[in-house]
file structure-v8.tsv (TSV, C-alpha atoms)
chain	number	residue	atom	x	y	z
A	344	MET	CA	16.90	-7.43	-37.70
A	345	THR	CA	20.61	-7.54	-36.84
A	346	THR	CA	22.50	-10.70	-35.87
A	347	HIS	CA	25.21	-10.19	-33.28
A	348	SER	CA	28.02	-12.68	-32.64
A	349	ILE	CA	29.25	-12.72	-29.04
A	350	ASP	CA	32.89	-13.70	-29.07
A	351	GLY	CA	36.15	-13.05	-27.25
A	352	PRO	CA	39.21	-11.17	-28.51
A	353	TYR	CA	41.82	-12.72	-30.79
A	354	PHE	CA	45.48	-11.74	-30.57
A	355	GLU	CA	45.11	-8.98	-33.18
A	356	ASP	CA	42.38	-7.34	-31.09
A	357	PHE	CA	44.61	-6.55	-28.10
A	358	THR	CA	46.38	-3.26	-27.48
A	359	VAL	CA	48.75	-2.43	-24.65
A	360	GLN	CA	46.99	-0.60	-21.78
A	361	GLN	CA	43.62	-2.00	-22.85
A	362	THR	CA	41.50	-2.83	-19.78
A	363	PHE	CA	38.72	-5.32	-19.09
A	364	ALA	CA	36.23	-5.44	-16.24
A	365	ALA	CA	34.04	-8.23	-14.87
A	366	PRO	CA	31.06	-8.59	-12.55
A	367	ALA	CA	32.00	-8.18	-8.90
A	368	VAL	CA	31.60	-11.33	-6.81
A	369	THR	CA	30.44	-11.52	-3.18
A	370	VAL	CA	32.02	-14.68	-1.78
A	371	ASN	CA	29.49	-16.93	-0.06
A	372	HIS	CA	29.27	-20.32	1.62
A	373	GLY	CA	28.17	-21.92	-1.65
A	374	HIS	CA	31.47	-20.98	-3.26
A	375	ALA	CA	33.32	-22.43	-0.29
A	376	ALA	CA	31.32	-25.68	-0.32
A	377	LEU	CA	31.84	-26.35	-4.02
A	378	TYR	CA	35.54	-25.52	-3.81
A	379	GLN	CA	35.89	-27.97	-0.92
A	380	ALA	CA	34.04	-30.67	-2.85
A	381	VAL	CA	36.31	-30.25	-5.86
A	382	SER	CA	39.66	-29.89	-4.06
A	383	GLY	CA	39.30	-31.85	-0.80
A	384	ASP	CA	41.71	-29.34	0.78
A	385	ARG	CA	42.49	-29.76	4.50
A	386	MET	CA	43.79	-26.26	5.34
A	387	ARG	CA	42.52	-25.76	8.88
A	388	LEU	CA	41.33	-22.15	9.05
A	389	PRO	CA	38.89	-22.22	6.09
A	390	LEU	CA	37.41	-25.45	7.48
A	391	ASP	CA	37.08	-24.47	11.16
A	392	ASN	CA	35.21	-21.22	11.80
A	393	HIS	CA	35.87	-21.31	15.57
A	394	LEU	CA	39.60	-21.71	15.02
A	395	SER	CA	39.53	-19.05	12.31
A	396	GLN	CA	37.88	-16.57	14.69
A	397	ALA	CA	40.41	-17.37	17.43
A	398	VAL	CA	43.30	-16.73	15.02
A	399	THR	CA	42.00	-13.82	12.93
A	400	GLY	CA	39.72	-12.11	15.45
A	401	ASP	CA	37.03	-11.89	12.76
A	402	PRO	CA	33.74	-13.78	13.37
A	403	ARG	CA	33.23	-14.35	9.64
A	404	ALA	CA	34.48	-17.54	8.04
A	405	LEU	CA	37.85	-17.23	6.33
A	406	VAL	CA	37.84	-17.97	2.60
A	407	HIS	CA	40.45	-20.41	1.31
A	408	PRO	CA	43.15	-18.36	-0.46
A	409	MET	CA	43.07	-20.62	-3.53
A	410	LEU	CA	39.31	-20.16	-3.81
A	411	VAL	CA	39.98	-16.42	-3.84
A	412	LEU	CA	42.47	-16.83	-6.67
A	413	ASN	CA	40.11	-19.06	-8.65
A	414	LEU	CA	37.35	-16.46	-8.40
A	415	VAL	CA	39.78	-13.71	-9.40
A	416	ASN	CA	41.07	-15.76	-12.33
A	417	GLY	CA	37.49	-16.25	-13.47
A	418	GLN	CA	37.00	-12.47	-13.45
A	419	THR	CA	39.99	-12.06	-15.80
A	420	THR	CA	38.84	-14.44	-18.52
A	421	TYR	CA	37.00	-12.07	-20.83
A	422	ALA	CA	40.47	-11.37	-22.24
A	423	SER	CA	41.36	-15.04	-22.59
A	424	GLN	CA	38.21	-16.67	-23.93
A	425	HIS	CA	40.19	-18.07	-26.88
A	426	VAL	CA	43.06	-19.26	-24.67
A	427	LYS	CA	45.03	-22.25	-25.90
A	428	GLY	CA	46.80	-22.47	-22.53
A	429	ASN	CA	47.85	-20.18	-19.69
A	430	LEU	CA	51.64	-20.24	-19.75
A	431	PHE	CA	52.69	-18.73	-16.42
A	432	TYR	CA	51.93	-16.60	-13.38
A	433	ARG	CA	54.32	-14.04	-11.89
A	434	GLY	CA	54.50	-11.85	-8.79
A	435	LEU	CA	51.32	-13.08	-7.14
A	436	LEU	CA	50.92	-11.57	-3.66
A	437	GLN	CA	47.90	-12.09	-1.44
A	438	GLN	CA	47.86	-8.74	0.33
A	439	LEU	CA	44.72	-9.14	2.46
A	440	PRO	CA	42.65	-12.09	3.70
A	441	VAL	CA	39.13	-12.55	2.36
A	442	PHE	CA	36.15	-13.52	4.51
A	443	ILE	CA	32.69	-14.82	3.60
A	444	GLY	CA	30.61	-11.78	2.63
A	445	ASP	CA	33.52	-9.84	1.11
A	446	THR	CA	33.06	-8.61	-2.46
A	447	LEU	CA	35.87	-8.88	-5.01
A	448	SER	CA	36.24	-6.60	-8.04
A	449	THR	CA	39.03	-7.25	-10.56
A	450	THR	CA	40.45	-5.08	-13.33
A	451	THR	CA	42.52	-6.78	-16.03
A	452	ARG	CA	45.01	-4.71	-18.06
A	453	VAL	CA	47.06	-5.68	-21.12
A	454	VAL	CA	50.71	-4.86	-20.36
A	455	GLY	CA	52.55	-6.63	-23.18
A	456	LEU	CA	52.10	-8.46	-26.48
A	457	LYS	CA	54.50	-10.92	-28.09
A	458	GLN	CA	53.68	-12.97	-31.16
A	459	ASN	CA	55.08	-16.47	-31.25
A	460	LYS	CA	57.57	-17.30	-33.98
A	461	ILE	CA	55.83	-17.90	-37.28
A	462	LYS	CA	56.28	-21.44	-38.57
A	463	ALA	CA	55.04	-23.00	-41.77
A	464	GLY	CA	51.95	-25.10	-41.28
A	465	ARG	CA	51.22	-23.70	-37.82
A	466	ALA	CA	48.46	-21.18	-37.16
A	467	ALA	CA	49.69	-17.87	-35.76
A	468	THR	CA	49.42	-17.28	-32.02
A	469	GLY	CA	50.67	-14.75	-29.51
A	470	MET	CA	51.30	-14.27	-25.81
A	471	VAL	CA	49.29	-11.63	-23.95
A	472	ALA	CA	50.74	-10.33	-20.69
A	473	LEU	CA	47.89	-9.44	-18.34
A	474	GLU	CA	48.07	-7.54	-15.07
A	475	MET	CA	45.29	-8.21	-12.57
A	476	GLU	CA	44.38	-6.10	-9.55
A	477	THR	CA	41.58	-7.12	-7.19
A	478	LEU	CA	39.93	-4.80	-4.67
A	479	ASN	CA	37.48	-5.60	-1.89
A	480	GLN	CA	34.31	-3.65	-1.09
A	481	LEU	CA	36.37	-1.15	0.92
A	482	GLY	CA	38.61	-0.37	-2.03
A	483	GLN	CA	41.57	-2.22	-0.48
A	484	CYS	CA	43.90	-4.22	-2.70
A	485	VAL	CA	43.45	-7.92	-1.99
A	486	MET	CA	45.65	-9.36	-4.73
A	487	LYS	CA	47.81	-8.27	-7.65
A	488	TYR	CA	49.65	-10.46	-10.15
A	489	TRP	CA	50.50	-11.11	-13.79
A	490	ARG	CA	49.64	-14.03	-16.03
A	491	CYS	CA	50.25	-14.88	-19.68
A	492	PRO	CA	47.71	-16.72	-21.84
A	493	MET	CA	48.53	-17.86	-25.37
A	494	ILE	CA	45.84	-16.59	-27.77
A	495	PRO	CA	45.33	-17.54	-31.45
A	496	CYS	CA	45.30	-14.97	-34.21
A	497	ARG	CA	42.09	-14.47	-36.17
A	498	ASP	CA	44.18	-14.59	-39.36
A	499	LYS	CA	46.08	-17.88	-39.17
A	500	SER	CA	48.95	-16.37	-41.18
A	501	ALA	CA	49.02	-13.00	-39.38
A	502	ASP	CA	52.29	-11.21	-38.69
A	503	THR	CA	51.44	-8.55	-36.12
A	504	GLY	CA	55.01	-7.49	-35.36
A	505	HIS	CA	54.32	-7.54	-31.63
A	506	ASP	CA	57.54	-8.40	-29.80
A	507	ASP	CA	57.37	-6.93	-26.29
A	508	SER	CA	59.75	-8.13	-23.62
A	509	PHE	CA	58.21	-9.69	-20.52
A	510	ASP	CA	61.51	-9.62	-18.63
A	511	TRP	CA	60.28	-6.78	-16.39
A	512	MET	CA	57.82	-9.11	-14.65
A	513	PRO	CA	59.13	-9.92	-11.14
A	514	GLU	CA	60.90	-13.27	-11.04
A	515	SER	CA	60.54	-13.37	-7.26
A	516	LEU	CA	59.09	-11.51	-4.28
A	517	ASP	CA	61.57	-10.33	-1.66
A	518	LEU	CA	61.23	-11.29	1.99
A	519	ASP	CA	60.19	-7.79	3.11
A	520	THR	CA	57.33	-7.74	0.59
A	521	LEU	CA	56.16	-11.18	1.69
A	522	GLU	CA	56.32	-10.33	5.40
A	523	ALA	CA	54.38	-7.09	4.82
A	524	ALA	CA	51.47	-9.16	3.47
A	525	ILE	CA	51.20	-11.23	6.66
A	526	PRO	CA	48.55	-9.98	9.16
A	527	SER	CA	50.52	-8.81	12.19
A	528	ASP	CA	47.54	-8.97	14.57
A	529	TRP	CA	46.58	-12.62	14.09
A	530	ASN	CA	46.87	-14.85	17.15
A	531	VAL	CA	49.05	-17.55	15.66
A	532	ALA	CA	49.36	-19.33	19.02
A	533	ALA	CA	45.69	-20.35	18.69
A	534	MET	CA	46.70	-22.74	15.90
A	535	ASN	CA	48.19	-24.95	18.67
A	536	PRO	CA	49.76	-27.71	16.54
A	537	ALA	CA	50.09	-29.92	19.65
A	538	ALA	CA	46.29	-30.16	19.82
A	539	TYR	CA	46.17	-31.31	16.22
A	540	ALA	CA	48.50	-34.26	16.50
A	541	VAL	CA	48.75	-35.81	13.05
A	542	PRO	CA	51.86	-37.50	11.68
A	543	ALA	CA	53.90	-34.94	9.75
A	544	PRO	CA	57.63	-34.53	9.24
A	545	LYS	CA	59.60	-31.66	10.73
A	546	LEU	CA	60.79	-30.00	7.57
A	547	CYS	CA	64.24	-28.50	7.05
A	548	VAL	CA	65.75	-26.55	4.17
A	549	GLY	CA	66.77	-28.96	1.43
A	550	ASP	CA	64.22	-31.64	2.31
A	551	HIS	CA	62.41	-33.39	-0.52
A	552	VAL	CA	58.81	-34.48	0.12
A	553	VAL	CA	56.79	-36.91	-1.99
A	554	ILE	CA	53.04	-37.03	-1.35
A	555	GLU	CA	51.84	-40.55	-2.08
A	556	GLY	CA	48.12	-39.69	-2.17
A	557	GLN	CA	46.96	-38.78	-5.68
A	558	ASP	CA	43.80	-37.15	-6.99
A	559	THR	CA	41.76	-37.76	-10.12
A	560	ILE	CA	40.53	-34.61	-11.84
A	561	THR	CA	36.73	-34.49	-11.77
A	562	CYS	CA	34.11	-31.71	-11.97
A	563	ALA	CA	36.44	-29.52	-14.04
A	564	PRO	CA	33.65	-27.63	-15.87
A	565	GLU	CA	31.75	-27.14	-12.60
A	566	LEU	CA	34.69	-25.32	-11.00
A	567	VAL	CA	35.10	-23.25	-14.15
A	568	ARG	CA	31.43	-22.22	-14.21
A	569	MET	CA	31.33	-21.52	-10.46
A	570	THR	CA	34.22	-19.07	-10.79
A	571	GLY	CA	32.76	-17.30	-13.82
A	572	ASN	CA	35.57	-18.52	-16.06
A	573	ILE	CA	34.43	-18.13	-19.69
A	574	ALA	CA	37.45	-19.55	-21.53
A	575	PHE	CA	36.00	-21.71	-24.32
A	576	ALA	CA	38.45	-24.61	-24.11
A	577	HIS	CA	37.45	-25.44	-20.52
A	578	THR	CA	33.81	-26.22	-21.32
A	579	ASP	CA	33.77	-26.96	-25.06
A	580	ALA	CA	35.96	-29.83	-26.25
A	581	SER	CA	35.66	-28.68	-29.85
A	582	ARG	CA	37.46	-25.43	-28.97
A	583	SER	CA	40.44	-27.22	-27.42
A	584	TYR	CA	43.47	-28.03	-29.56
A	585	LEU	CA	43.51	-31.47	-27.88
A	586	GLY	CA	39.99	-32.38	-28.93
A	587	LYS	CA	39.10	-32.80	-25.25
A	588	ARG	CA	38.16	-30.23	-22.62
A	589	LEU	CA	41.28	-28.55	-21.28
A	590	VAL	CA	41.28	-28.45	-17.47
A	591	TYR	CA	41.59	-24.92	-16.08
A	592	GLY	CA	45.09	-24.49	-14.61
A	593	GLY	CA	43.81	-23.28	-11.25
A	594	HIS	CA	42.09	-26.64	-10.80
A	595	THR	CA	45.43	-28.43	-11.08
A	596	ILE	CA	47.04	-25.92	-8.71
A	597	SER	CA	44.20	-26.36	-6.21
A	598	LEU	CA	44.71	-30.15	-6.12
A	599	ALA	CA	48.48	-29.66	-5.77
A	600	LEU	CA	47.95	-27.38	-2.76
A	601	ALA	CA	45.47	-29.83	-1.24
A	602	GLN	CA	48.17	-32.47	-1.50
A	603	ILE	CA	50.71	-30.13	0.16
A	604	THR	CA	48.38	-29.73	3.16
A	605	ARG	CA	48.73	-33.47	3.83
A	606	ALA	CA	52.46	-32.98	4.34
A	607	MET	CA	52.08	-29.64	6.17
A	608	PRO	CA	48.91	-29.89	8.28
A	609	ASN	CA	49.35	-26.57	10.11
A	610	ILE	CA	49.45	-24.12	7.21
A	611	ILE	CA	47.98	-20.79	8.24
A	612	SER	CA	47.70	-19.44	4.70
A	613	THR	CA	49.48	-19.05	1.41
A	614	VAL	CA	51.21	-15.68	1.02
A	615	GLY	CA	52.61	-15.39	-2.50
A	616	TRP	CA	53.96	-17.13	-5.55
A	617	GLN	CA	57.54	-16.69	-6.68
A	618	GLY	CA	56.33	-18.06	-10.00
A	619	CYS	CA	54.18	-20.75	-11.54
A	620	ASP	CA	54.67	-22.33	-14.98
A	621	HIS	CA	52.21	-24.67	-16.68
A	622	LEU	CA	54.40	-27.29	-18.35
A	623	GLY	CA	51.73	-29.32	-20.09
A	624	PRO	CA	47.97	-29.70	-20.55
A	625	VAL	CA	45.71	-31.46	-18.04
A	626	LEU	CA	42.53	-33.30	-19.01
A	627	GLU	CA	39.55	-34.51	-16.99
A	628	ASP	CA	40.26	-37.92	-15.41
A	629	ASP	CA	44.02	-37.28	-15.31
A	630	ILE	CA	45.55	-38.44	-12.02
A	631	ILE	CA	47.50	-35.67	-10.27
A	632	ARG	CA	50.43	-36.15	-7.92
A	633	SER	CA	52.86	-33.69	-6.33
A	634	GLU	CA	56.25	-33.53	-4.68
A	635	PHE	CA	58.23	-30.58	-3.40
A	636	ASP	CA	61.57	-29.30	-2.13
A	637	VAL	CA	61.90	-26.93	0.82
A	638	SER	CA	63.91	-23.99	-0.55
A	639	ALA	CA	63.88	-21.66	2.49
A	640	ILE	CA	62.38	-21.26	5.97
A	641	ASN	CA	62.17	-17.79	7.52
A	642	PRO	CA	60.77	-17.13	11.03
A	643	ILE	CA	58.07	-14.45	11.34
A	644	ALA	CA	57.99	-12.05	14.29
A	645	SER	CA	54.23	-12.51	14.81
A	646	GLY	CA	54.64	-16.30	14.89
A	647	GLY	CA	55.23	-19.21	12.57
A	648	ASN	CA	57.52	-19.40	9.57
A	649	LEU	CA	57.49	-18.54	5.91
A	650	TYR	CA	58.21	-21.68	3.91
A	651	GLU	CA	59.35	-21.39	0.32
A	652	LEU	CA	58.49	-24.55	-1.58
A	653	HIS	CA	59.44	-25.63	-5.09
A	654	ILE	CA	56.56	-27.86	-6.16
A	655	LYS	CA	56.47	-30.21	-9.12
A	656	THR	CA	53.13	-31.68	-10.15
A	657	PHE	CA	52.58	-34.53	-12.59
A	658	ALA	CA	49.58	-35.91	-14.48
A	659	ARG	CA	49.08	-39.62	-15.24
A	660	ARG	CA	46.87	-40.29	-18.24
A	661	LEU	CA	45.55	-43.59	-19.52
A	662	LYS	CA	47.17	-44.64	-22.80
A	663	ALA	CA	45.04	-45.12	-25.90
A	664	ASP	CA	45.19	-48.91	-25.52
A	665	GLY	CA	43.85	-48.61	-21.97
A	666	ASP	CA	46.50	-50.91	-20.52
A	667	ASP	CA	48.87	-48.44	-18.88
A	668	TYR	CA	49.47	-44.78	-18.01
A	669	ASP	CA	51.74	-42.08	-19.36
A	670	GLU	CA	52.99	-39.46	-16.91
A	671	LEU	CA	53.99	-35.90	-17.77
A	672	ALA	CA	55.10	-32.89	-15.74
A	673	VAL	CA	52.33	-30.27	-15.75
A	674	LEU	CA	53.26	-27.73	-13.08
A	675	ASP	CA	56.40	-26.02	-11.79
A	676	TRP	CA	55.29	-23.87	-8.86
A	677	ARG	CA	57.33	-21.82	-6.40
A	678	LEU	CA	54.97	-21.17	-3.50
A	679	VAL	CA	55.46	-19.21	-0.29
A	680	LEU	CA	53.22	-20.20	2.61
A	681	TRP	CA	52.86	-19.34	6.29
A	682	SER	CA	52.80	-22.27	8.69
A	683	VAL	CA	53.46	-23.21	12.30

call {"tool": "encode", "arguments": {"input": "structure-v8.tsv", "output": "structure tokens"}}
result
Amino acid sequence: MTTHSIDGPYFEDFTVQQTFAAPAVTVNHGHAALYQAVSGDRMRLPLDNHLSQAVTGDPRALVHPMLVLNLVNGQTTYASQHVKGNLFYRGLLQQLPVFIGDTLSTTTRVVGLKQNKIKAGRAATGMVALEMETLNQLGQCVMKYWRCPMIPCRDKSADTGHDDSFDWMPESLDLDTLEAAIPSDWNVAAMNPAAYAVPAPKLCVGDHVVIEGQDTITCAPELVRMTGNIAFAHTDASRSYLGKRLVYGGHTISLALAQITRAMPNIISTVGWQGCDHLGPVLEDDIIRSEFDVSAINPIASGGNLYELHIKTFARRLKADGDDYDELAVLDWRLVLWSV
């Protein structure tokens, strides 16, 4: 009888151009319901099927774009099961909308390896640049982006010599690329902001917005499991360098976006990310708050505007004595969204 150990790759196991696959996922109403329960997001089209049909022309319910990304991220995690933290995202473009019943298939490819500087007394780790491409059931590209998890070495004193540059990753998406990802046949007028009269500021370039409502992280492992995310540190506290379960970064991003929708109630969809850096770890029961600056506003021929936001998100965590909170910056996110 043979005993097999099922484990994920360590840094030494990666090679450039190595690829990983994952089970395809057909998005259903259960995914949407659990995502809504975890995030509390108020983006109108994923919540209102009648409005979604009037805008998109498709009778199927529109899937929240962050739910799509969370499912895609889950499909990429065979490569990052040993992740100590996902450091950043680059060049994320949502090229096609996803509707309930669509099937997503993601291929993950290693495109760069860089070992962190070796220091005495610190176990060796490295950064793995991953390129993700997601297709729908018609073979159309839904999303493509890069992310960089930090992965430990199997040999704590390893010197792999890997020193690839990641400078080639796009620091930003140009306006033409962003506009090309916007559906030109959607009936934006059906959004009718006047019929949804909620207090919201008229935003201008340079404005700074602080969202007072905050959200406590709960159900972190449930979101991880729902999205097929198999990174150890998100479900097993003993595999986290903090000794507590590390909250999946997409959970923090989802709450940040839900907070943005309170300030911008007529968002049609997110379009792309100019970049997203995780600045610090998030733990279950942390209290998340967000604020943002409006970096640019560009009108779109088919209706609405592209808003470029620079979002900062913070986590408040109860001190060991239980009497007060510490706050740390956890997210620096440059988001592009489409809104009326």

call {"tool": "residues_around", "arguments": {"input": "structure-v8.tsv", "residues": "Ala532 in chain A", "least_positions_apart": "6", "cutoff": "9 Å", "atoms": "all atoms listed in the file", "output": "VMD selection string"}}
result
chain A and resid 398 646 to 647 683

call {"tool": "closest_residue", "arguments": {"input": "structure-v8.tsv", "among": "A:Tyr488, A:Tyr668, A:Tyr421, A:Tyr432", "to": "Gly571 in chain A", "atoms": "all atoms listed in the file"}}
result
A:Tyr421

call {"tool": "atom_distance", "arguments": {"input": "structure-v8.tsv", "atom1": "CA of Val679 in chain A", "atom2": "CA of Cys619 in chain A"}}
result
11.4 Å

call {"tool": "atom_distance", "arguments": {"input": "structure-v8.tsv", "atom1": "CA of Ala472 in chain A", "atom2": "CA of Arg452 in chain A"}}
result
8.4 Å

call {"tool": "atom_distance", "arguments": {"input": "structure-v8.tsv", "atom1": "CA of Gly623 in chain A", "atom2": "CA of Thr559 in chain A"}}
result
16.4 Å

call {"tool": "closest_residue", "arguments": {"input": "structure-v8.tsv", "among": "A:Gln437, A:Gln379, A:Thr358, A:Asn429", "to": "His505 in chain A", "atoms": "all atoms listed in the file"}}
result
A:Thr358

call {"tool": "residues_around", "arguments": {"input": "structure-v8.tsv", "residues": "Thr503 in chain A", "least_positions_apart": "6", "cutoff": "12 Å", "atoms": "all atoms listed in the file", "output": "ChimeraX atom specification"}}
result
/A:353-358,456-461,467-470,495-497

call {"tool": "write_last_selection", "arguments": {"input": "structure-v8.tsv", "atoms": "C-alpha atoms", "output": "PDB file, in the coordinates of the input"}}
result
ATOM      1  CA  TYR A 353      41.820 -12.720 -30.790  1.00  0.00           C
ATOM      2  CA  PHE A 354      45.480 -11.740 -30.570  1.00  0.00           C
ATOM      3  CA  GLU A 355      45.110  -8.980 -33.180  1.00  0.00           C
ATOM      4  CA  ASP A 356      42.380  -7.340 -31.090  1.00  0.00           C
ATOM      5  CA  PHE A 357      44.610  -6.550 -28.100  1.00  0.00           C
ATOM      6  CA  THR A 358      46.380  -3.260 -27.480  1.00  0.00           C
ATOM      7  CA  LEU A 456      52.100  -8.460 -26.480  1.00  0.00           C
ATOM      8  CA  LYS A 457      54.500 -10.920 -28.090  1.00  0.00           C
ATOM      9  CA  GLN A 458      53.680 -12.970 -31.160  1.00  0.00           C
ATOM     10  CA  ASN A 459      55.080 -16.470 -31.250  1.00  0.00           C
ATOM     11  CA  LYS A 460      57.570 -17.300 -33.980  1.00  0.00           C
ATOM     12  CA  ILE A 461      55.830 -17.900 -37.280  1.00  0.00           C
ATOM     13  CA  ALA A 467      49.690 -17.870 -35.760  1.00  0.00           C
ATOM     14  CA  THR A 468      49.420 -17.280 -32.020  1.00  0.00           C
ATOM     15  CA  GLY A 469      50.670 -14.750 -29.510  1.00  0.00           C
ATOM     16  CA  MET A 470      51.300 -14.270 -25.810  1.00  0.00           C
ATOM     17  CA  PRO A 495      45.330 -17.540 -31.450  1.00  0.00           C
ATOM     18  CA  CYS A 496      45.300 -14.970 -34.210  1.00  0.00           C
ATOM     19  CA  ARG A 497      42.090 -14.470 -36.170  1.00  0.00           C
TER      20      ARG A 497
END

call {"tool": "closest_residue", "arguments": {"input": "structure-v8.tsv", "among": "A:Arg568, A:Lys655, A:Arg385, A:Arg677", "to": "Val614 in chain A", "atoms": "all atoms listed in the file"}}
result
A:Arg677

call {"tool": "closest_residue", "arguments": {"input": "structure-v8.tsv", "among": "A:Asp550, A:Glu634, A:Asp507, A:Asp445", "to": "Gly482 in chain A", "atoms": "all atoms listed in the file"}}
result
A:Asp445

call {"tool": "residues_around", "arguments": {"input": "structure-v8.tsv", "residues": "Thr449 in chain A", "least_positions_apart": "6", "cutoff": "9 Å", "atoms": "all atoms listed in the file", "output": "list in words"}}
result
Phe363, Ala364, Ala365, Pro366, Ala367, Val415, Asn416, Gln418, Thr419, Met475, Glu476, Thr477, Leu478 and Asn479 of chain A
